[in-house]
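**Q** Have a peek at work.cif (mmCIF, C-alpha atoms).
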```cif
data_protein
loop_
_atom_site.group_PDB
_atom_site.id
_atom_site.type_symbol
_atom_site.label_atom_id
_atom_site.label_comp_id
_atom_site.auth_asym_id
_atom_site.auth_seq_id
_atom_site.Cartn_x
_atom_site.Cartn_y
_atom_site.Cartn_z
ATOM 1 C CA MET A 27 36.924 -158.946 -61.948
ATOM 2 C CA GLY A 28 39.971 -156.684 -62.221
ATOM 3 C CA ILE A 29 43.427 -158.226 -62.239
ATOM 4 C CA GLU A 30 46.257 -155.829 -61.616
ATOM 5 C CA HIS A 31 49.815 -156.486 -62.780
ATOM 6 C CA GLN A 32 52.804 -154.793 -61.215
ATOM 7 C CA THR A 33 56.418 -155.129 -62.319
ATOM 8 C CA LEU A 34 59.032 -155.154 -59.585
ATOM 9 C CA ASN A 35 62.661 -154.698 -60.641
ATOM 10 C CA LEU A 36 64.427 -155.934 -57.535
ATOM 11 C CA PHE A 37 68.127 -156.049 -56.769
ATOM 12 C CA ASP A 38 69.593 -158.736 -54.547
ATOM 13 C CA SER A 39 72.628 -156.958 -53.104
ATOM 14 C CA ALA A 40 73.918 -160.147 -51.456
ATOM 15 C CA ARG A 41 74.264 -161.795 -54.880
ATOM 16 C CA GLN A 42 74.658 -158.580 -56.905
ATOM 17 C CA ARG A 43 71.829 -159.755 -59.125
ATOM 18 C CA LEU A 44 68.748 -158.184 -60.705
ATOM 19 C CA VAL A 45 65.523 -160.125 -60.197
ATOM 20 C CA ALA A 46 62.502 -158.947 -62.194
ATOM 21 C CA VAL A 47 59.081 -160.060 -60.997
ATOM 22 C CA ASP A 48 55.648 -159.583 -62.517
ATOM 23 C CA VAL A 49 53.087 -159.642 -59.703
ATOM 24 C CA ALA A 50 49.401 -160.236 -60.461
ATOM 25 C CA ALA A 51 46.471 -160.086 -58.075
ATOM 26 C CA ARG A 52 42.721 -159.702 -58.314
ATOM 27 C CA TRP A 53 42.029 -156.377 -56.639
ATOM 28 C CA ASP A 54 38.826 -157.439 -54.819
ATOM 29 C CA TYR A 55 40.550 -160.462 -53.238
ATOM 30 C CA GLU A 56 43.520 -158.290 -52.374
ATOM 31 C CA MET A 57 41.211 -155.790 -50.636
ATOM 32 C CA LYS A 58 39.569 -158.611 -48.642
ATOM 33 C CA ALA A 59 43.001 -159.822 -47.561
ATOM 34 C CA ASN A 60 44.025 -156.291 -46.581
ATOM 35 C CA ASP A 61 40.843 -156.022 -44.487
ATOM 36 C CA GLY A 62 41.755 -159.247 -42.683
ATOM 37 C CA PHE A 63 39.015 -161.488 -44.113
ATOM 38 C CA TRP A 64 41.464 -164.054 -45.487
ATOM 39 C CA LYS A 65 45.022 -164.608 -46.666
ATOM 40 C CA LEU A 66 45.848 -164.624 -50.355
ATOM 41 C CA PRO A 67 47.238 -167.971 -51.510
ATOM 42 C CA VAL A 68 50.593 -167.500 -53.265
ATOM 43 C CA ALA A 69 51.691 -168.910 -56.624
ATOM 44 C CA ILE A 70 55.226 -168.605 -57.985
ATOM 45 C CA ILE A 71 55.688 -169.001 -61.752
ATOM 46 C CA SER A 72 59.166 -169.933 -62.998
ATOM 47 C CA ASN A 73 59.996 -169.270 -66.647
ATOM 48 C CA GLY A 74 61.638 -171.585 -69.121
ATOM 49 C CA ASN A 75 65.198 -170.800 -70.194
ATOM 50 C CA THR A 76 65.400 -167.651 -72.373
ATOM 51 C CA VAL A 77 61.633 -167.094 -72.064
ATOM 52 C CA LYS A 78 60.479 -163.810 -70.531
ATOM 53 C CA ASN A 79 58.586 -164.177 -67.274
ATOM 54 C CA THR A 80 55.849 -161.910 -68.651
ATOM 55 C CA GLU A 81 55.092 -164.449 -71.390
ATOM 56 C CA TYR A 82 53.277 -166.503 -68.748
ATOM 57 C CA SER A 83 50.687 -163.793 -68.072
ATOM 58 C CA PHE A 84 47.933 -166.155 -69.277
ATOM 59 C CA LEU A 85 48.816 -168.507 -66.382
ATOM 60 C CA ALA A 86 49.232 -165.641 -63.944
ATOM 61 C CA ASN A 87 45.795 -164.303 -64.899
ATOM 62 C CA VAL A 88 44.124 -167.694 -64.373
ATOM 63 C CA CYS A 89 45.682 -168.022 -60.913
ATOM 64 C CA ALA A 90 44.960 -164.394 -59.976
ATOM 65 C CA ALA A 91 41.328 -164.769 -61.095
ATOM 66 C CA ARG A 92 41.033 -167.558 -58.514
ATOM 67 C CA GLY A 93 42.346 -165.343 -55.742
ATOM 68 C CA TYR A 94 46.090 -166.019 -55.827
ATOM 69 C CA LEU A 95 48.855 -163.506 -55.387
ATOM 70 C CA VAL A 96 51.028 -164.520 -58.351
ATOM 71 C CA ALA A 97 54.723 -163.763 -58.786
ATOM 72 C CA SER A 98 56.279 -164.574 -62.160
ATOM 73 C CA VAL A 99 60.026 -164.566 -61.522
ATOM 74 C CA GLN A 100 62.595 -163.908 -64.263
ATOM 75 C CA HIS A 101 65.319 -166.429 -63.423
ATOM 76 C CA ASP A 102 67.773 -165.993 -66.286
ATOM 77 C CA LEU A 103 69.404 -162.774 -67.402
ATOM 78 C CA PRO A 104 70.964 -161.954 -70.786
ATOM 79 C CA THR A 105 74.348 -161.835 -69.048
ATOM 80 C CA ASP A 106 74.029 -165.414 -67.714
ATOM 81 C CA PRO A 107 76.080 -168.115 -69.432
ATOM 82 C CA PRO A 108 74.110 -170.353 -71.807
ATOM 83 C CA LEU A 109 72.344 -173.334 -70.264
ATOM 84 C CA MET A 110 74.506 -176.396 -70.879
ATOM 85 C CA THR A 111 73.937 -180.104 -70.474
ATOM 86 C CA LYS A 112 76.777 -182.109 -68.931
ATOM 87 C CA VAL A 113 75.917 -185.793 -68.952
ATOM 88 C CA GLY A 114 77.054 -187.704 -65.881
ATOM 89 C CA LEU A 115 76.800 -184.787 -63.457
ATOM 90 C CA PRO A 116 73.916 -184.319 -61.003
ATOM 91 C CA TYR A 117 71.001 -182.744 -62.853
ATOM 92 C CA VAL A 118 73.176 -182.933 -66.001
ATOM 93 C CA GLY A 119 75.350 -180.120 -64.697
ATOM 94 C CA ARG A 120 72.532 -177.671 -64.042
ATOM 95 C CA LEU A 121 72.596 -177.738 -60.243
ATOM 96 C CA GLU A 122 73.947 -174.181 -60.035
ATOM 97 C CA VAL A 123 71.086 -172.960 -62.235
ATOM 98 C CA TYR A 124 68.555 -174.583 -59.885
ATOM 99 C CA LYS A 125 70.290 -173.127 -56.833
ATOM 100 C CA LYS A 126 70.130 -169.690 -58.472
ATOM 101 C CA GLY A 127 66.402 -170.198 -59.076
ATOM 102 C CA GLU A 128 65.918 -171.305 -55.473
ATOM 103 C CA ALA A 129 67.730 -168.181 -54.237
ATOM 104 C CA ASN A 130 65.626 -165.999 -56.564
ATOM 105 C CA ILE A 131 62.384 -167.438 -55.180
ATOM 106 C CA LEU A 132 63.482 -167.045 -51.545
ATOM 107 C CA PHE A 133 64.565 -163.458 -52.241
ATOM 108 C CA VAL A 134 61.265 -162.639 -53.976
ATOM 109 C CA LEU A 135 59.235 -164.172 -51.138
ATOM 110 C CA GLU A 136 60.974 -161.934 -48.594
ATOM 111 C CA LYS A 137 60.229 -158.858 -50.725
ATOM 112 C CA LEU A 138 56.594 -159.877 -51.272
ATOM 113 C CA LYS A 139 56.042 -160.320 -47.535
ATOM 114 C CA LYS A 140 56.831 -156.628 -47.026
ATOM 115 C CA VAL A 141 54.423 -155.396 -49.709
ATOM 116 C CA TRP A 142 51.701 -158.063 -49.357
ATOM 117 C CA PRO A 143 51.821 -159.161 -45.709
ATOM 118 C CA ASN A 144 48.314 -160.668 -45.866
ATOM 119 C CA ALA A 145 49.271 -163.647 -48.006
ATOM 120 C CA ASP A 146 49.931 -167.283 -47.134
ATOM 121 C CA TYR A 147 53.647 -167.843 -47.718
ATOM 122 C CA GLY A 148 53.622 -171.210 -45.969
ATOM 123 C CA HIS A 149 51.603 -173.135 -48.592
ATOM 124 C CA LEU A 150 53.075 -172.114 -51.936
ATOM 125 C CA THR A 151 51.876 -173.263 -55.323
ATOM 126 C CA LEU A 152 54.792 -173.544 -57.750
ATOM 127 C CA VAL A 153 54.250 -173.427 -61.502
ATOM 128 C CA GLY A 154 57.151 -173.946 -63.883
ATOM 129 C CA HIS A 155 57.816 -174.536 -67.546
ATOM 130 C CA SER A 156 60.802 -176.571 -68.772
ATOM 131 C CA ASN A 157 63.850 -175.272 -66.862
ATOM 132 C CA GLY A 158 61.402 -173.384 -64.638
ATOM 133 C CA GLY A 159 59.645 -176.678 -63.890
ATOM 134 C CA ASP A 160 62.968 -178.114 -62.796
ATOM 135 C CA ILE A 161 63.548 -175.059 -60.600
ATOM 136 C CA ALA A 162 60.085 -175.595 -59.088
ATOM 137 C CA MET A 163 60.814 -179.266 -58.327
ATOM 138 C CA TYR A 164 64.242 -178.432 -56.915
ATOM 139 C CA PHE A 165 62.740 -175.733 -54.700
ATOM 140 C CA ALA A 166 60.032 -178.151 -53.516
ATOM 141 C CA THR A 167 62.739 -180.704 -52.657
ATOM 142 C CA GLN A 168 64.720 -178.164 -50.643
ATOM 143 C CA HIS A 169 61.711 -176.458 -48.999
ATOM 144 C CA ALA A 170 59.038 -179.141 -48.671
ATOM 145 C CA ASP A 171 57.627 -177.330 -45.630
ATOM 146 C CA LEU A 172 56.692 -174.296 -47.775
ATOM 147 C CA VAL A 173 55.211 -175.982 -50.860
ATOM 148 C CA SER A 174 51.779 -177.576 -51.071
ATOM 149 C CA LYS A 175 51.260 -177.804 -54.868
ATOM 150 C CA ALA A 176 53.429 -177.947 -57.980
ATOM 151 C CA VAL A 177 52.442 -177.728 -61.632
ATOM 152 C CA THR A 178 55.168 -178.488 -64.172
ATOM 153 C CA LEU A 179 55.186 -178.243 -67.949
ATOM 154 C CA ASP A 180 57.898 -180.369 -69.588
ATOM 155 C CA ASN A 181 60.424 -180.404 -66.771
ATOM 156 C CA LEU A 182 63.086 -182.988 -67.657
ATOM 157 C CA ARG A 183 65.931 -182.887 -65.155
ATOM 158 C CA VAL A 184 64.721 -182.839 -61.548
ATOM 159 C CA PRO A 185 62.596 -185.781 -60.372
ATOM 160 C CA PHE A 186 59.296 -185.271 -58.634
ATOM 161 C CA VAL A 187 59.401 -184.845 -54.887
ATOM 162 C CA LEU A 188 58.309 -187.920 -52.956
ATOM 163 C CA ASN A 189 56.150 -186.221 -50.361
ATOM 164 C CA LYS A 190 52.656 -187.346 -49.407
ATOM 165 C CA THR A 191 51.565 -183.774 -48.645
ATOM 166 C CA LEU A 192 52.647 -182.280 -51.991
ATOM 167 C CA LYS A 193 50.160 -182.378 -54.868
ATOM 168 C CA ILE A 194 51.792 -182.504 -58.315
ATOM 169 C CA LEU A 195 50.284 -181.944 -61.745
ATOM 170 C CA SER A 196 52.710 -182.455 -64.623
ATOM 171 C CA PHE A 197 52.272 -182.047 -68.356
ATOM 172 C CA ARG A 198 54.767 -183.724 -70.698
ATOM 173 C CA SER A 199 55.103 -183.414 -74.458
ATOM 174 C CA LYS A 200 55.517 -186.433 -76.720
ATOM 175 C CA ASP A 201 58.358 -184.813 -78.662
ATOM 176 C CA PRO A 202 61.074 -187.470 -79.163
ATOM 177 C CA SER A 203 63.761 -184.755 -79.119
ATOM 178 C CA PHE A 204 63.073 -183.957 -75.468
ATOM 179 C CA GLN A 205 63.357 -186.960 -73.166
ATOM 180 C CA THR A 206 63.427 -186.946 -69.386
ATOM 181 C CA ASP A 207 66.695 -187.845 -67.725
ATOM 182 C CA PRO A 208 66.978 -191.451 -66.502
ATOM 183 C CA TRP A 209 66.347 -191.116 -62.770
ATOM 184 C CA ARG A 210 67.387 -193.866 -60.414
ATOM 185 C CA THR A 211 65.745 -192.594 -57.254
ATOM 186 C CA ALA A 212 64.175 -189.398 -56.050
ATOM 187 C CA ASP A 213 65.100 -189.725 -52.393
ATOM 188 C CA PRO A 214 65.439 -186.160 -51.056
ATOM 189 C CA SER A 215 67.413 -187.488 -48.083
ATOM 190 C CA ALA A 216 70.192 -188.446 -50.499
ATOM 191 C CA GLY A 217 71.143 -184.777 -50.710
ATOM 192 C CA GLU A 218 71.847 -182.626 -53.720
ATOM 193 C CA GLY A 219 71.618 -184.593 -56.892
ATOM 194 C CA GLY A 220 70.558 -187.630 -54.856
ATOM 195 C CA GLN A 221 68.773 -189.147 -57.828
ATOM 196 C CA TYR A 222 72.070 -190.441 -59.254
#
```
In structure tokens, how does this file's structure come out?
**A**
Amino acid sequence: MGIEHQTLNLFDSARQRLVAVDVAARWDYEMKANDGFWKLPVAIISNGNTVKNTEYSFLANVCAARGYLVASVQHDLPTDPPLMTKVGLPYVGRLEVYKKGEANILFVLEKLKKVWPNADYGHLTLVGHSNGGDIAMYFATQHADLVSKAVTLDNLRVPFVLNKTLKILSFRSKDPSFQTDPWRTADPSAGEGGQY
């Protein structure tokens, strides 16, 4: 079982932003998809703040071994301002960070479709750690029609999507220093930051 990794250093000219992506796929499943026998399921991995997207290669390899086309997106850049918490604002002031992550994922999906056209981009699996988990939940809220599964590791800010078709698996630490935000409701129809 050979898993191939490819690094794509993409540039989003509309936002004047670099977006690095590590793509992993199992070559035999990729060949079957290219021959029209099936479509590769797609998993998007979103990194935690200041963590390199390549540090999640153990997750990418597990997903790729099961036949997924996996894209690990680098959401934050060294030139980005530090991640701040602003109590009292929607998503404690991190809405712009989640919108940036959403735009990164949409941009990456469009690029992947050109290189890997034989993949299923309509039933995404999102995997995210910490801030990346919040990006995954935010993306699932905004694009419920594209997401079928979400796996989060210690996301604290964005509530889970209330959607009977979305399957969610979430892991939370017991560290008293990191507590989830007090959410009042997770009604996506309430709009951006509708949980407050």
**Q** Can you tell me which residues surround Met57 of chain A at a distance of at most 12 Å, considering all atoms listed in the file, apart from same-chain residues fewer than 3 positions away, and format the answer as an mmCIF file with C-alpha atoms, in the coordinates of the input?
**A**
```
data_model
loop_
_atom_site.group_PDB
_atom_site.id
_atom_site.type_symbol
_atom_site.label_atom_id
_atom_site.label_comp_id
_atom_site.auth_asym_id
_atom_site.auth_seq_id
_atom_site.Cartn_x
_atom_site.Cartn_y
_atom_site.Cartn_z
ATOM 1 C CA GLY A 28 39.971 -156.684 -62.221
ATOM 2 C CA ALA A 51 46.471 -160.086 -58.075
ATOM 3 C CA ARG A 52 42.721 -159.702 -58.314
ATOM 4 C CA TRP A 53 42.029 -156.377 -56.639
ATOM 5 C CA ASP A 54 38.826 -157.439 -54.819
ATOM 6 C CA ASN A 60 44.025 -156.291 -46.581
ATOM 7 C CA ASP A 61 40.843 -156.022 -44.487
ATOM 8 C CA GLY A 62 41.755 -159.247 -42.683
ATOM 9 C CA PHE A 63 39.015 -161.488 -44.113
ATOM 10 C CA TRP A 64 41.464 -164.054 -45.487
ATOM 11 C CA LYS A 65 45.022 -164.608 -46.666
ATOM 12 C CA LEU A 66 45.848 -164.624 -50.355
ATOM 13 C CA GLY A 93 42.346 -165.343 -55.742
ATOM 14 C CA LEU A 95 48.855 -163.506 -55.387
ATOM 15 C CA TRP A 142 51.701 -158.063 -49.357
ATOM 16 C CA ASN A 144 48.314 -160.668 -45.866
ATOM 17 C CA ALA A 145 49.271 -163.647 -48.006
#
```
**Q** Find the residues around Asn79 of chain A up to 7 Å (all atoms listed in the file counted), leave out those fewer than 2 positions away in its own chain, and share them as a VMD selection string.
**A** chain A and resid 73 77 81 to 82 98 to 100
**Q** Any idea what the distance is between atom CA of Ile194 of chain A and atom CA of Asp160 of chain A?
**A**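 One can read the atom CA of Ile194 of chain A to atom CA of Asp160 of chain A distance as 12.8 Å.
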**Q** Evaluating the PyMOL selection byres ((chain A and resi 176) around 12) on the displayed file yields which residues, as a ChimeraX atom specification?
**A** /A:68-72,149-155,158-167,170,172-175,177-179,181,186-187,189,191-197
**Q** What is the distance between atom CA of Asp48 of chain A and atom CA of Thr33 of chain A, in Å to one decimal?
**A**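 Computed distance, atom CA of Asp48 of chain A to atom CA of Thr33 of chain A, equals 4.5 Å.
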